[in-house]
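A.B. asks: Handing over my_file-v9.txt, compact mmCIF, C-alpha atoms.
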```txt
# COMPACT_ATOMS: atom_id res chain seq x y z
CA MET A 81 -31.14 14.12 14.99
CA LYS A 82 -31.59 11.08 17.17
CA SER A 83 -34.80 9.19 17.76
CA GLU A 84 -35.82 5.70 18.70
CA ASP A 85 -37.24 3.26 16.21
CA ALA A 86 -39.45 0.27 16.86
CA ARG A 87 -36.46 -1.96 17.59
CA GLY A 88 -35.06 0.47 20.09
CA THR A 89 -32.08 1.33 17.89
CA THR A 90 -30.92 4.91 18.02
CA ARG A 91 -31.25 6.51 14.64
CA ILE A 92 -28.90 9.20 13.55
CA PHE A 93 -31.09 10.34 10.73
CA ALA A 94 -34.23 9.62 8.81
CA GLY A 95 -34.66 8.33 5.31
CA SER A 96 -35.24 10.36 2.18
CA ARG A 97 -38.17 10.86 -0.13
CA GLY A 98 -39.82 8.73 -2.70
CA GLU A 99 -40.70 5.25 -1.49
CA VAL A 100 -43.94 5.89 0.33
CA PRO A 101 -46.15 8.98 0.47
CA LYS A 102 -44.68 11.86 2.32
CA ALA A 103 -45.46 12.24 6.00
CA VAL A 104 -47.00 15.48 7.13
CA PRO A 105 -45.35 16.91 10.26
CA GLY A 106 -47.57 16.31 13.26
CA GLU A 107 -49.42 13.54 11.53
CA GLN A 108 -46.74 10.87 11.54
CA GLU A 109 -49.00 8.25 13.10
CA SER A 110 -51.48 8.37 10.27
CA ALA A 111 -49.12 9.25 7.49
CA CYS A 112 -48.48 5.70 6.38
CA VAL A 113 -50.85 4.65 3.66
CA VAL A 114 -50.46 0.98 4.54
CA PRO A 115 -51.71 -0.15 7.96
CA ILE A 116 -48.94 -0.81 10.43
CA GLN A 117 -50.13 -4.41 10.84
CA PHE A 118 -49.08 -4.98 7.27
CA TYR A 119 -45.50 -4.28 8.20
CA ASP A 120 -45.73 -6.58 11.17
CA ARG A 121 -46.48 -9.37 8.78
CA HIS A 122 -43.99 -8.42 6.12
CA ALA A 123 -40.35 -7.81 5.48
CA ASN A 124 -38.32 -5.67 7.83
CA ARG A 125 -37.28 -3.62 4.88
CA LEU A 126 -40.76 -2.24 4.37
CA ARG A 127 -41.10 -1.40 8.03
CA ASP A 128 -37.81 0.46 7.92
CA VAL A 129 -38.94 2.52 4.97
CA ALA A 130 -42.08 3.54 6.80
CA LEU A 131 -40.21 4.37 10.00
CA GLN A 132 -37.80 6.52 8.10
CA GLU A 133 -40.71 8.32 6.51
CA GLU A 134 -42.11 9.11 9.93
CA GLN A 135 -38.98 11.02 10.67
CA GLU A 136 -38.94 12.77 7.36
CA SER A 137 -39.39 16.16 8.98
CA SER A 138 -36.31 15.86 11.19
CA VAL A 139 -33.62 15.29 8.65
CA LEU A 140 -30.05 16.16 7.96
CA SER A 141 -29.12 16.97 4.40
CA SER A 142 -28.29 14.00 2.18
CA GLN A 143 -24.65 14.96 2.21
CA ASP A 144 -24.58 15.02 6.02
CA LYS A 145 -26.23 11.61 6.07
CA ARG A 146 -23.67 10.22 3.71
CA LEU A 147 -20.89 11.60 5.88
CA ALA A 148 -22.49 10.07 8.96
CA VAL A 149 -22.57 6.68 7.20
CA ILE A 150 -18.92 7.05 6.23
CA GLU A 151 -17.94 7.88 9.82
CA ALA A 152 -19.91 4.89 11.08
CA ALA A 153 -18.33 2.61 8.49
CA LEU A 154 -14.86 3.80 9.55
CA THR A 155 -15.68 2.91 13.15
CA VAL A 156 -16.78 -0.55 12.04
CA ILE A 157 -13.55 -1.03 10.09
CA GLU A 158 -11.50 0.01 13.13
CA ASP A 159 -13.33 -2.58 15.23
CA ARG A 160 -13.72 -5.46 12.84
CA GLY A 161 -11.48 -4.91 9.87
CA LEU A 162 -12.64 -4.75 6.28
CA ARG A 163 -13.95 -8.28 5.94
CA GLY A 164 -16.04 -7.83 9.06
CA SER A 165 -17.50 -4.61 7.73
CA THR A 166 -20.69 -5.93 6.25
CA LEU A 167 -23.55 -3.72 5.18
CA ASP A 168 -25.49 -4.97 8.22
CA SER A 169 -22.75 -4.02 10.64
CA ILE A 170 -22.49 -0.57 9.09
CA ALA A 171 -26.29 -0.17 9.24
CA ASN A 172 -26.22 -1.27 12.86
CA GLU A 173 -23.43 1.17 13.75
CA CYS A 174 -25.23 4.18 12.31
CA GLY A 175 -28.61 3.00 13.48
CA CYS A 176 -30.26 2.94 10.12
CA SER A 177 -31.55 0.28 7.81
CA ARG A 178 -29.91 -1.41 4.87
CA ALA A 179 -32.57 0.23 2.72
CA THR A 180 -31.39 3.66 3.82
CA LEU A 181 -27.78 2.76 3.10
CA TYR A 182 -28.76 1.62 -0.38
CA ARG A 183 -30.64 4.84 -0.95
CA LEU A 184 -27.67 6.96 0.11
CA PHE A 185 -25.12 4.72 -1.61
CA PRO A 186 -26.87 2.93 -4.49
CA GLY A 187 -24.09 0.36 -5.00
CA GLY A 188 -24.20 -0.69 -1.33
CA ARG A 189 -21.05 -1.73 0.51
CA ASP A 190 -18.61 -1.16 -2.37
CA THR A 191 -19.91 2.34 -2.97
CA ILE A 192 -19.55 3.11 0.74
CA LEU A 193 -15.98 1.82 0.75
CA ASN A 194 -15.10 3.88 -2.33
CA ALA A 195 -16.65 6.91 -0.67
CA ILE A 196 -14.46 6.29 2.38
CA VAL A 197 -11.34 6.25 0.22
CA SER A 198 -12.42 9.54 -1.40
CA THR A 199 -13.27 11.33 1.82
CA GLU A 200 -10.19 10.13 3.65
CA THR A 201 -7.97 11.12 0.72
CA ALA A 202 -9.65 14.53 0.72
CA LYS A 203 -9.03 14.88 4.46
CA LEU A 204 -5.38 13.90 4.01
CA PHE A 205 -4.92 16.36 1.15
CA SER A 206 -6.59 19.17 3.02
CA ALA A 207 -4.41 18.53 6.09
CA ILE A 208 -1.33 18.60 3.85
CA ALA A 209 -2.53 21.73 2.04
CA SER A 210 -3.04 23.69 5.22
CA SER A 211 0.39 22.68 6.42
CA MET A 212 2.07 23.76 3.18
CA LEU A 213 0.33 27.12 2.84
CA PRO A 214 2.22 28.99 5.58
CA ALA A 215 5.61 27.61 4.48
CA THR A 216 8.15 30.20 3.41
CA SER A 217 10.54 27.97 1.47
CA VAL A 218 10.60 24.75 -0.59
CA SER A 219 12.33 22.90 2.19
CA GLU A 220 9.75 24.03 4.76
CA ALA A 221 6.88 23.12 2.45
CA ILE A 222 8.22 19.63 1.76
CA SER A 223 8.96 18.96 5.43
CA ALA A 224 5.55 20.20 6.51
CA SER A 225 3.79 18.01 3.96
CA ILE A 226 5.69 14.86 4.93
CA TYR A 227 5.16 15.50 8.63
CA GLU A 228 1.46 16.18 8.17
CA ALA A 229 0.93 13.13 5.93
CA ALA A 230 2.76 10.90 8.41
CA ARG A 231 0.75 12.22 11.33
CA PHE A 232 -2.51 11.71 9.49
CA LEU A 233 -1.70 8.21 8.25
CA GLU A 234 -0.12 6.97 11.49
CA GLY A 235 -3.07 8.30 13.46
CA HIS A 236 -5.62 6.83 11.08
CA ARG A 237 -7.02 3.98 13.14
CA ALA A 238 -8.93 2.27 10.34
CA LEU A 239 -5.91 2.32 8.03
CA GLN A 240 -3.59 1.05 10.77
CA LYS A 241 -6.04 -1.71 11.63
CA LEU A 242 -6.03 -2.89 8.00
CA LEU A 243 -2.26 -2.70 7.68
CA ALA A 244 -1.89 -4.76 10.84
CA ASP A 245 -4.63 -7.36 10.37
CA GLU A 246 -5.61 -7.46 6.70
CA PRO A 247 -2.68 -6.09 4.70
CA ASP A 248 -3.94 -7.87 1.58
CA THR A 249 -6.89 -5.48 1.47
CA ILE A 250 -4.84 -2.31 1.57
CA LEU A 251 -1.36 -3.01 0.18
CA PRO A 252 -2.54 -3.33 -3.44
CA PHE A 253 -3.25 0.42 -3.23
CA LEU A 254 0.19 1.19 -1.85
CA ALA A 255 2.40 -0.97 -4.06
CA PHE A 256 3.04 -1.50 -7.75
CA ASP A 257 0.33 -0.17 -10.09
CA GLY A 258 -1.93 0.88 -7.23
CA PHE A 259 0.83 3.06 -5.84
CA GLU A 260 1.34 4.68 -9.25
CA SER A 261 -2.25 5.80 -9.52
CA MET A 262 -2.03 7.19 -6.01
CA LEU A 263 1.15 9.06 -6.93
CA ASP A 264 -0.66 10.70 -9.87
CA GLN A 265 -3.28 12.09 -7.51
CA VAL A 266 -0.66 13.35 -5.11
CA VAL A 267 1.20 15.15 -7.89
CA ALA A 268 -1.94 16.81 -9.22
CA PHE A 269 -2.79 18.04 -5.76
CA ALA A 270 0.56 19.04 -4.25
CA ARG A 271 2.54 20.37 -7.20
CA PRO A 272 0.91 23.82 -7.30
CA PHE A 273 2.03 24.47 -3.72
CA LEU A 274 5.68 24.04 -4.69
CA GLU A 275 5.34 26.04 -7.88
CA ARG A 276 5.53 29.13 -5.72
CA TRP A 277 9.30 28.55 -5.61
CA ILE A 278 10.28 26.05 -8.29
CA ASP A 279 9.28 25.25 -11.87
CA LYS A 280 6.59 22.77 -12.79
CA ASP A 281 8.86 19.84 -13.71
CA THR A 282 11.01 20.17 -10.63
CA ALA A 283 7.90 20.47 -8.48
CA LYS A 284 6.50 17.25 -9.93
CA ARG A 285 9.72 15.35 -9.29
CA VAL A 286 9.98 16.64 -5.76
CA VAL A 287 6.38 15.70 -4.94
CA LEU A 288 6.87 12.16 -6.26
CA TRP A 289 10.13 11.86 -4.43
CA SER A 290 8.66 13.01 -1.10
CA ALA A 291 5.63 10.75 -1.49
CA ARG A 292 7.81 7.69 -2.15
CA LEU A 293 9.94 8.48 0.85
CA THR A 294 6.92 8.99 3.10
CA VAL A 295 5.15 5.79 2.09
CA SER A 296 8.33 3.76 2.38
CA TYR A 297 9.14 4.86 5.94
CA LEU A 298 5.51 4.52 7.00
CA LEU A 299 4.98 1.02 5.61
CA CYS A 300 8.34 -0.25 6.71
CA PRO A 301 9.66 1.82 9.61
CA ALA A 302 13.39 2.29 10.02
CA GLU A 303 14.95 2.41 13.43
CA GLY A 304 15.40 5.98 14.59
CA ILE A 305 13.30 7.50 11.82
CA ASP A 306 9.93 8.74 13.01
CA LEU A 307 8.18 10.88 10.40
CA THR A 308 5.80 12.21 13.03
CA ASP A 309 8.77 13.98 14.58
CA ARG A 310 9.29 17.38 12.97
CA ASP A 311 13.04 17.56 13.52
CA THR A 312 13.59 14.14 12.00
CA VAL A 313 11.60 15.09 8.91
CA THR A 314 13.42 18.40 8.51
CA ARG A 315 16.74 16.60 8.81
CA LEU A 316 15.79 13.95 6.24
CA VAL A 317 14.54 16.56 3.78
CA ASP A 318 17.60 18.76 4.20
CA THR A 319 19.96 15.78 3.95
CA TYR A 320 18.53 13.77 1.08
CA ILE A 321 16.09 15.92 -0.88
CA MET A 322 17.29 19.54 -0.83
CA PRO A 323 20.69 18.88 -2.45
CA GLY A 324 18.77 17.29 -5.35
CA VAL A 325 16.36 20.22 -5.56
CA ASP A 326 19.36 22.54 -5.82
CA ILE A 327 20.74 20.49 -8.73
CA LEU A 328 17.37 20.58 -10.50
CA VAL A 329 16.81 24.29 -9.97
CA GLY A 330 20.30 24.97 -11.29
CA SER A 331 19.86 22.81 -14.38
CA TYR A 332 16.48 23.88 -15.74
CA MET B 105 29.03 -29.72 13.13
CA THR B 106 31.41 -27.41 11.31
CA ASN B 107 29.33 -26.31 8.38
CA ASN B 108 26.05 -26.91 6.64
CA TYR B 109 27.43 -29.24 4.09
CA SER B 110 29.50 -31.43 6.41
CA THR B 111 27.28 -34.46 6.11
CA SER B 112 25.77 -36.11 3.10
CA SER B 113 22.34 -36.13 4.72
CA THR B 114 22.35 -32.35 4.98
CA HIS B 115 23.31 -32.17 1.36
CA ARG B 116 20.48 -34.49 0.46
CA THR B 117 18.08 -32.34 2.46
CA ASP B 118 19.14 -29.31 0.42
CA GLN B 119 18.57 -31.21 -2.79
CA ILE B 120 15.08 -32.24 -1.77
CA THR B 121 14.21 -28.72 -0.65
CA GLN B 122 15.47 -27.47 -3.98
CA ARG B 123 13.37 -30.00 -5.91
CA ILE B 124 10.24 -29.05 -3.97
CA LEU B 125 10.86 -25.32 -4.47
CA GLU B 126 11.41 -25.76 -8.21
CA ALA B 127 8.28 -27.85 -8.53
CA ALA B 128 6.24 -25.33 -6.56
CA PHE B 129 7.60 -22.51 -8.70
CA ASN B 130 6.64 -24.37 -11.89
CA CYS B 131 3.15 -24.97 -10.56
CA VAL B 132 2.71 -21.31 -9.63
CA VAL B 133 3.92 -20.24 -13.07
CA ARG B 134 1.43 -22.61 -14.69
CA TRP B 135 -1.61 -22.19 -12.48
CA GLY B 136 -1.12 -19.19 -10.22
CA VAL B 137 -0.80 -19.12 -6.44
CA ALA B 138 -4.44 -19.67 -5.55
CA LYS B 139 -4.87 -22.75 -7.73
CA THR B 140 -1.62 -24.48 -6.76
CA THR B 141 -2.26 -27.26 -4.26
CA MET B 142 0.21 -29.37 -2.29
CA GLU B 143 -1.04 -32.29 -4.36
CA ASP B 144 0.06 -30.51 -7.58
CA VAL B 145 3.50 -29.83 -6.16
CA ALA B 146 3.85 -33.43 -4.96
CA ARG B 147 2.98 -34.74 -8.41
CA GLU B 148 5.30 -32.28 -10.12
CA CYS B 149 8.40 -33.31 -8.16
CA ASN B 150 7.38 -36.87 -7.48
CA ILE B 151 7.78 -36.46 -3.73
CA SER B 152 4.99 -37.47 -1.39
CA ARG B 153 2.80 -34.85 0.23
CA ALA B 154 3.85 -36.16 3.65
CA THR B 155 7.50 -35.53 2.80
CA ILE B 156 6.75 -32.04 1.51
CA TYR B 157 4.94 -31.26 4.77
CA ARG B 158 8.00 -32.53 6.66
CA TYR B 159 10.14 -29.97 4.83
CA PHE B 160 7.52 -27.23 4.95
CA PRO B 161 5.51 -27.78 8.14
CA GLY B 162 3.60 -24.56 7.52
CA GLY B 163 2.09 -26.20 4.43
CA ARG B 164 1.04 -24.29 1.36
CA GLU B 165 1.51 -20.86 2.96
CA GLU B 166 5.07 -21.60 3.99
CA LEU B 167 5.86 -23.20 0.66
CA VAL B 168 4.62 -20.19 -1.34
CA GLN B 169 6.55 -17.80 0.90
CA SER B 170 9.66 -19.98 0.52
CA VAL B 171 9.35 -19.98 -3.27
CA ILE B 172 9.32 -16.19 -3.28
CA ALA B 173 12.27 -16.04 -0.85
CA TRP B 174 14.16 -18.56 -3.00
CA GLN B 175 13.57 -16.54 -6.17
CA ALA B 176 14.60 -13.37 -4.34
CA GLY B 177 17.80 -15.09 -3.20
CA GLN B 178 18.63 -16.09 -6.77
CA PHE B 179 18.00 -12.55 -7.90
CA LEU B 180 20.35 -11.12 -5.28
CA ALA B 181 23.07 -13.59 -6.24
CA ASP B 182 22.82 -12.50 -9.89
CA LEU B 183 22.74 -8.86 -8.89
CA TYR B 184 25.95 -9.30 -6.94
CA GLU B 185 27.65 -10.52 -10.12
CA VAL B 186 26.33 -7.60 -12.14
CA LEU B 187 27.67 -5.00 -9.71
CA HIS B 188 31.14 -6.50 -9.77
CA GLY B 189 33.73 -4.13 -11.21
CA ALA B 190 31.70 -0.91 -11.10
CA GLN B 191 33.88 2.16 -10.71
CA SER B 192 31.65 4.58 -8.78
CA LEU B 193 28.52 4.73 -6.66
CA GLN B 194 26.76 6.30 -9.61
CA GLU B 195 27.67 3.29 -11.75
CA ILE B 196 26.70 0.79 -9.05
CA LEU B 197 23.23 2.24 -8.74
CA GLU B 198 22.73 2.61 -12.49
CA ARG B 199 23.65 -1.04 -13.03
CA LEU B 200 21.44 -2.08 -10.15
CA ILE B 201 18.43 -0.25 -11.61
CA PHE B 202 18.95 -1.58 -15.15
CA PHE B 203 19.40 -5.11 -13.99
CA SER B 204 16.45 -5.10 -11.59
CA SER B 205 13.97 -3.42 -13.89
CA ASP B 206 14.99 -5.68 -16.74
CA TYR B 207 14.62 -8.69 -14.47
CA LEU B 208 11.17 -7.58 -13.33
CA ARG B 209 10.09 -6.82 -16.90
CA ASN B 210 11.02 -10.31 -18.01
CA LEU B 211 9.49 -11.99 -15.02
CA GLU B 212 6.30 -12.94 -16.83
CA VAL B 213 5.04 -14.91 -13.89
CA LEU B 214 5.02 -11.75 -11.78
CA ASP B 215 3.00 -9.80 -14.35
CA ARG B 216 0.52 -12.61 -14.60
CA LEU B 217 0.17 -12.97 -10.85
CA LEU B 218 -0.12 -9.22 -10.31
CA ALA B 219 -2.87 -9.13 -12.91
CA THR B 220 -4.79 -12.19 -11.80
CA GLU B 221 -4.20 -12.47 -8.07
CA PRO B 222 -3.00 -9.13 -6.74
CA ASP B 223 -4.60 -9.75 -3.33
CA ALA B 224 -2.65 -12.96 -2.84
CA VAL B 225 0.65 -11.79 -4.25
CA ILE B 226 1.18 -8.18 -3.24
CA PRO B 227 1.23 -8.65 0.55
CA LYS B 228 3.72 -11.51 0.23
CA LEU B 229 5.85 -9.51 -2.17
CA THR B 230 5.71 -6.47 0.05
CA THR B 231 6.92 -8.47 3.04
CA GLU B 232 9.65 -9.97 0.91
CA ILE B 233 10.61 -6.61 -0.56
CA ASN B 234 10.97 -5.15 2.92
CA LEU B 235 13.32 -7.98 3.83
CA MET B 236 15.15 -7.58 0.58
CA ALA B 237 15.44 -3.83 1.08
CA SER B 238 17.30 -4.45 4.33
CA THR B 239 19.49 -7.01 2.57
CA VAL B 240 20.21 -4.58 -0.26
CA SER B 241 20.95 -1.84 2.22
CA GLY B 242 23.36 -4.23 3.95
CA PHE B 243 25.25 -4.96 0.81
CA LEU B 244 25.35 -1.33 -0.29
CA VAL B 245 27.22 -0.32 2.87
CA PRO B 246 30.61 -1.70 1.72
CA TYR B 247 30.25 0.14 -1.61
CA LEU B 248 29.43 3.38 0.19
CA ARG B 249 32.49 2.82 2.35
CA GLU B 250 34.68 1.97 -0.63
CA PHE B 251 33.72 4.97 -2.76
CA GLY B 252 33.21 7.36 0.14
CA ILE B 253 30.22 9.53 0.98
CA ASN B 254 29.42 12.95 2.35
CA THR B 255 30.83 12.93 5.88
CA GLN B 256 27.67 14.62 7.22
CA VAL B 257 25.66 11.51 6.41
CA ASN B 258 25.37 8.35 8.49
CA ILE B 259 26.43 5.46 6.27
CA HIS B 260 23.79 2.96 7.46
CA GLU B 261 21.00 5.48 7.20
CA ALA B 262 22.18 6.44 3.71
CA ALA B 263 22.27 2.80 2.59
CA ASP B 264 18.79 2.28 4.00
CA TYR B 265 17.54 5.40 2.21
CA LEU B 266 19.03 4.17 -1.07
CA ALA B 267 17.48 0.72 -0.74
CA ARG B 268 14.05 2.24 -0.07
CA MET B 269 14.19 4.61 -3.00
CA LEU B 270 15.52 1.89 -5.30
CA PHE B 271 12.66 -0.42 -4.42
CA SER B 272 10.12 2.33 -4.75
CA PHE B 273 11.32 3.42 -8.20
CA ILE B 274 11.82 -0.11 -9.48
CA SER B 275 8.50 -1.56 -8.32
CA SER B 276 6.42 1.51 -9.29
CA PRO B 277 8.40 3.52 -11.87
CA GLY B 278 5.42 5.69 -12.87
CA ASP B 279 6.11 7.41 -16.18
CA LEU B 280 9.85 6.91 -15.79
CA ASP B 281 11.46 4.57 -18.35
CA LEU B 282 14.03 2.63 -16.37
CA GLN B 283 15.67 1.24 -19.52
CA ASP B 284 16.48 4.78 -20.68
CA ARG B 285 20.13 5.27 -19.70
CA ALA B 286 20.03 9.07 -19.58
CA LYS B 287 16.91 9.09 -17.41
CA VAL B 288 18.31 6.51 -15.01
CA SER B 289 21.59 8.36 -14.77
CA ASP B 290 19.69 11.54 -13.92
CA LEU B 291 17.57 9.70 -11.35
CA VAL B 292 20.65 8.29 -9.64
CA ARG B 293 22.40 11.65 -9.64
CA VAL B 294 19.43 13.60 -8.24
CA GLU B 295 16.98 11.47 -6.26
CA LEU B 296 19.45 8.88 -5.03
CA LEU B 297 22.89 10.34 -4.61
CA SER B 298 22.61 14.13 -4.42
CA GLY B 299 22.68 14.15 -0.63
CA ILE B 300 24.95 11.15 -0.22
CA ALA B 301 27.82 11.41 -2.70
CA HIS B 302 30.63 13.68 -1.69
```
Could I get this structure in the form of structure tokens?

C.D. replies:
Amino acid sequence: MKSEDARGTTRIFAGSRGEVPKAVPGEQESACVVPIQFYDRHANRLRDVALQEEQESSVLSSQDKRLAVIEAALTVIEDRGLRGSTLDSIANECGCSRATLYRLFPGGRDTILNAIVSTETAKLFSAIASSMLPATSVSEAISASIYEAARFLEGHRALQKLLADEPDTILPFLAFDGFESMLDQVVAFARPFLERWIDKDTAKRVVLWSARLTVSYLLCPAEGIDLTDRDTVTRLVDTYIMPGVDILVGSY
Amino acid sequence: MTNNYSTSSTHRTDQITQRILEAAFNCVVRWGVAKTTMEDVARECNISRATIYRYFPGGREELVQSVIAWQAGQFLADLYEVLHGAQSLQEILERLIFFSSDYLRNLEVLDRLLATEPDAVIPKLTTEINLMASTVSGFLVPYLREFGINTQVNIHEAADYLARMLFSFISSPGDLDLQDRAKVSDLVRVELLSGIAH
């Protein structure tokens, strides 16, 4: 829902319950227990709370609001990078107040950034999952997952912006210990898809192997190897990974 | 000019560069990257700040990057020695993994820096590792040629693939123990060479 607030900013959504008495639909003007002049003389924060209350009746669910904040924060990161993504700039982008952001994400900026990592990881995993489901063989499933992951990550504007302009903010997650914790997540998520054809241990090794290969070629591209090209991925998988899968399947 | 060492002044330049790099390395070991200043390095090697800036016009940034590159160069020189005399690709890669993981394990400064200043160190290391990966891939090519590979595979692409996987496994081994000979041998046979060896 969009509406205009006193500063002329477009609001995507209204605030939630609790801070000031609830507004009754149709009575927004009189719903505030404190005279509006009070807000004129006091902190912006209080005015924001009241304005959000006015719009109480036209709300999205909390979850939708959180998602809207995350989308807005991603846009800000694309434009200004991580260091430029202050709570104010995020508030400005989604047309809400800092108070609202704090209510939706109690830890403020850090909580929003963590939420971004979670939602984007979930999006990546779900893209990979839907690509692996229709596969009819291990080789197809691996190729599909690498291709899908590459397409998602290469097309992820916020991620690419950080890799290009502020690598120090993102590389700690993709190298050394940070990479290991990411690999654990990838294994937990992707292994079951391969267990349709191969045993658990082989599946784990193959997932780790594919993830290492994908991250390496994405972070440091090699001439002639474009993981967003299906034929290239199929060729790489068939050349370097499948002979190893055959050894493993034969030996367990 | 016929070579780099043809004049005594060039030789002297190398010595001074070396002294500065060693001093900077010592400072980083002692205080970390963030707390090492040009002043500290100057005091450590007894060379004036002005002279250090003459050798490293990019200042602190360039000096830190050069220290990492210098250490990486030393590592590669040692690695070259270690690989000498290996009888198969399998053996080459096993030795390479043992040596590198042992080297990294004993590089206390790296552990300390990764723990205390990951934001400062990891991007520099990642850049350096990418460069080193292409160097490693370059020096693997002759071994691939010598021992022979699957004729279906392009030798340069295979060397590049090996370098990538080596760096990935060595820098983030996960639950793999890279000092366990049987595990490393298995890793080399499956993840590294299965598609490449003939």

A.B. asks: Which residues are near Gly235 in chain A? Cut-off 12 Å, all atoms listed in the file, ignore same chain within fewer than 5 positions. Put them as an mmCIF file with C-alpha atoms, in the frame of the given file.

C.D. replies:
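This is the output file part39.cif:
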```cif
data_model
loop_
_atom_site.group_PDB
_atom_site.id
_atom_site.type_symbol
_atom_site.label_atom_id
_atom_site.label_comp_id
_atom_site.auth_asym_id
_atom_site.auth_seq_id
_atom_site.Cartn_x
_atom_site.Cartn_y
_atom_site.Cartn_z
ATOM 1 C CA GLU A 158 -11.500 0.010 13.130
ATOM 2 C CA LEU A 204 -5.380 13.900 4.010
ATOM 3 C CA TYR A 227 5.160 15.500 8.630
ATOM 4 C CA GLU A 228 1.460 16.180 8.170
ATOM 5 C CA ALA A 229 0.930 13.130 5.930
ATOM 6 C CA ALA A 230 2.760 10.900 8.410
ATOM 7 C CA GLN A 240 -3.590 1.050 10.770
ATOM 8 C CA LYS A 241 -6.040 -1.710 11.630
ATOM 9 C CA LEU A 298 5.510 4.520 7.000
ATOM 10 C CA LEU A 307 8.180 10.880 10.400
ATOM 11 C CA THR A 308 5.800 12.210 13.030
#
```

A.B. asks: Rank nothing, just name the residue among A:Pro323, A:Gly175, A:Gly258, A:Gly187 nearest to Ala148 in chain A, using only C-alpha atoms.

C.D. replies: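 Using only C-alpha atoms, the shortest distance to Ala148 in chain A belongs to A:Gly175.
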
A.B. asks: If we count all atoms listed in the file and set the cut-off at 10 Å, which residues sit around Asp248 in chain A, ignoring sequence neighbours fewer than 6 positions away in its own chain? Please answer as a ChimeraX atom specification.

C.D. replies: /A:242 /B:222-228,230

A.B. asks: Selection from above, C-alpha atoms, as an mmCIF file, keeping the file's coordinate frame, can you write it?

C.D. replies:
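out-v2.cif was written with the following content:
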```
data_model
loop_
_atom_site.group_PDB
_atom_site.id
_atom_site.type_symbol
_atom_site.label_atom_id
_atom_site.label_comp_id
_atom_site.auth_asym_id
_atom_site.auth_seq_id
_atom_site.Cartn_x
_atom_site.Cartn_y
_atom_site.Cartn_z
ATOM 1 C CA LEU A 242 -6.030 -2.890 8.000
ATOM 2 C CA PRO B 222 -3.000 -9.130 -6.740
ATOM 3 C CA ASP B 223 -4.600 -9.750 -3.330
ATOM 4 C CA ALA B 224 -2.650 -12.960 -2.840
ATOM 5 C CA VAL B 225 0.650 -11.790 -4.250
ATOM 6 C CA ILE B 226 1.180 -8.180 -3.240
ATOM 7 C CA PRO B 227 1.230 -8.650 0.550
ATOM 8 C CA LYS B 228 3.720 -11.510 0.230
ATOM 9 C CA THR B 230 5.710 -6.470 0.050
#
```

A.B. asks: My list of candidates is B:Tyr159, B:Arg164, B:Arg134, B:Arg293. Which is closest to Asp118 in chain B when distances are computed with all atoms listed in the file?

C.D. replies: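 Selected residue with least distance to Asp118 in chain B: B:Tyr159.
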
A.B. asks: Rank A:Ala302, A:Ile157, A:Ala202, A:Met262 by their smallest atom-to-atom distance to Ser238 in chain B, using only C-alpha atoms, and report the top residue only.

C.D. replies: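 For Ser238 in chain B, the nearest of the candidates is A:Ala302.
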
A.B. asks: Using all atoms listed in the file, which residues sit within 12 Å of Val267 in chain A once same-chain residues fewer than 4 positions away are excluded, as a count of residues only?

C.D. replies: 24

A.B. asks: Hey, list the chain A side of the contact with chain B: 8 Å cut-off, all atoms listed in the file, answer as a ChimeraX atom specification.

C.D. replies: /A:247-249,251-252,255-257,259-260,289,292-293,296,300,319-325,327-328

A.B. asks: Export, as a JSON list (two decimals), in the coordinates of the input, the selected residues with C-alpha atoms.

C.D. replies:
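Generated file (again_2.json):
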```json
[["chain", "number", "residue", "atom", "x", "y", "z"],
["A", 247, "PRO", "CA", -2.68, -6.09, 4.70],
["A", 248, "ASP", "CA", -3.94, -7.87, 1.58],
["A", 249, "THR", "CA", -6.89, -5.48, 1.47],
["A", 251, "LEU", "CA", -1.36, -3.01, 0.18],
["A", 252, "PRO", "CA", -2.54, -3.33, -3.44],
["A", 255, "ALA", "CA", 2.40, -0.97, -4.06],
["A", 256, "PHE", "CA", 3.04, -1.50, -7.75],
["A", 257, "ASP", "CA", 0.33, -0.17, -10.09],
["A", 259, "PHE", "CA", 0.83, 3.06, -5.84],
["A", 260, "GLU", "CA", 1.34, 4.68, -9.25],
["A", 289, "TRP", "CA", 10.13, 11.86, -4.43],
["A", 292, "ARG", "CA", 7.81, 7.69, -2.15],
["A", 293, "LEU", "CA", 9.94, 8.48, 0.85],
["A", 296, "SER", "CA", 8.33, 3.76, 2.38],
["A", 300, "CYS", "CA", 8.34, -0.25, 6.71],
["A", 319, "THR", "CA", 19.96, 15.78, 3.95],
["A", 320, "TYR", "CA", 18.53, 13.77, 1.08],
["A", 321, "ILE", "CA", 16.09, 15.92, -0.88],
["A", 322, "MET", "CA", 17.29, 19.54, -0.83],
["A", 323, "PRO", "CA", 20.69, 18.88, -2.45],
["A", 324, "GLY", "CA", 18.77, 17.29, -5.35],
["A", 325, "VAL", "CA", 16.36, 20.22, -5.56],
["A", 327, "ILE", "CA", 20.74, 20.49, -8.73],
["A", 328, "LEU", "CA", 17.37, 20.58, -10.50]]
```

A.B. asks: With distances taken over only C-alpha atoms, which of A:Leu181, A:Ala224, A:Leu147, A:Val197 is nearest to Phe253 in chain A?

C.D. replies: A:Val197
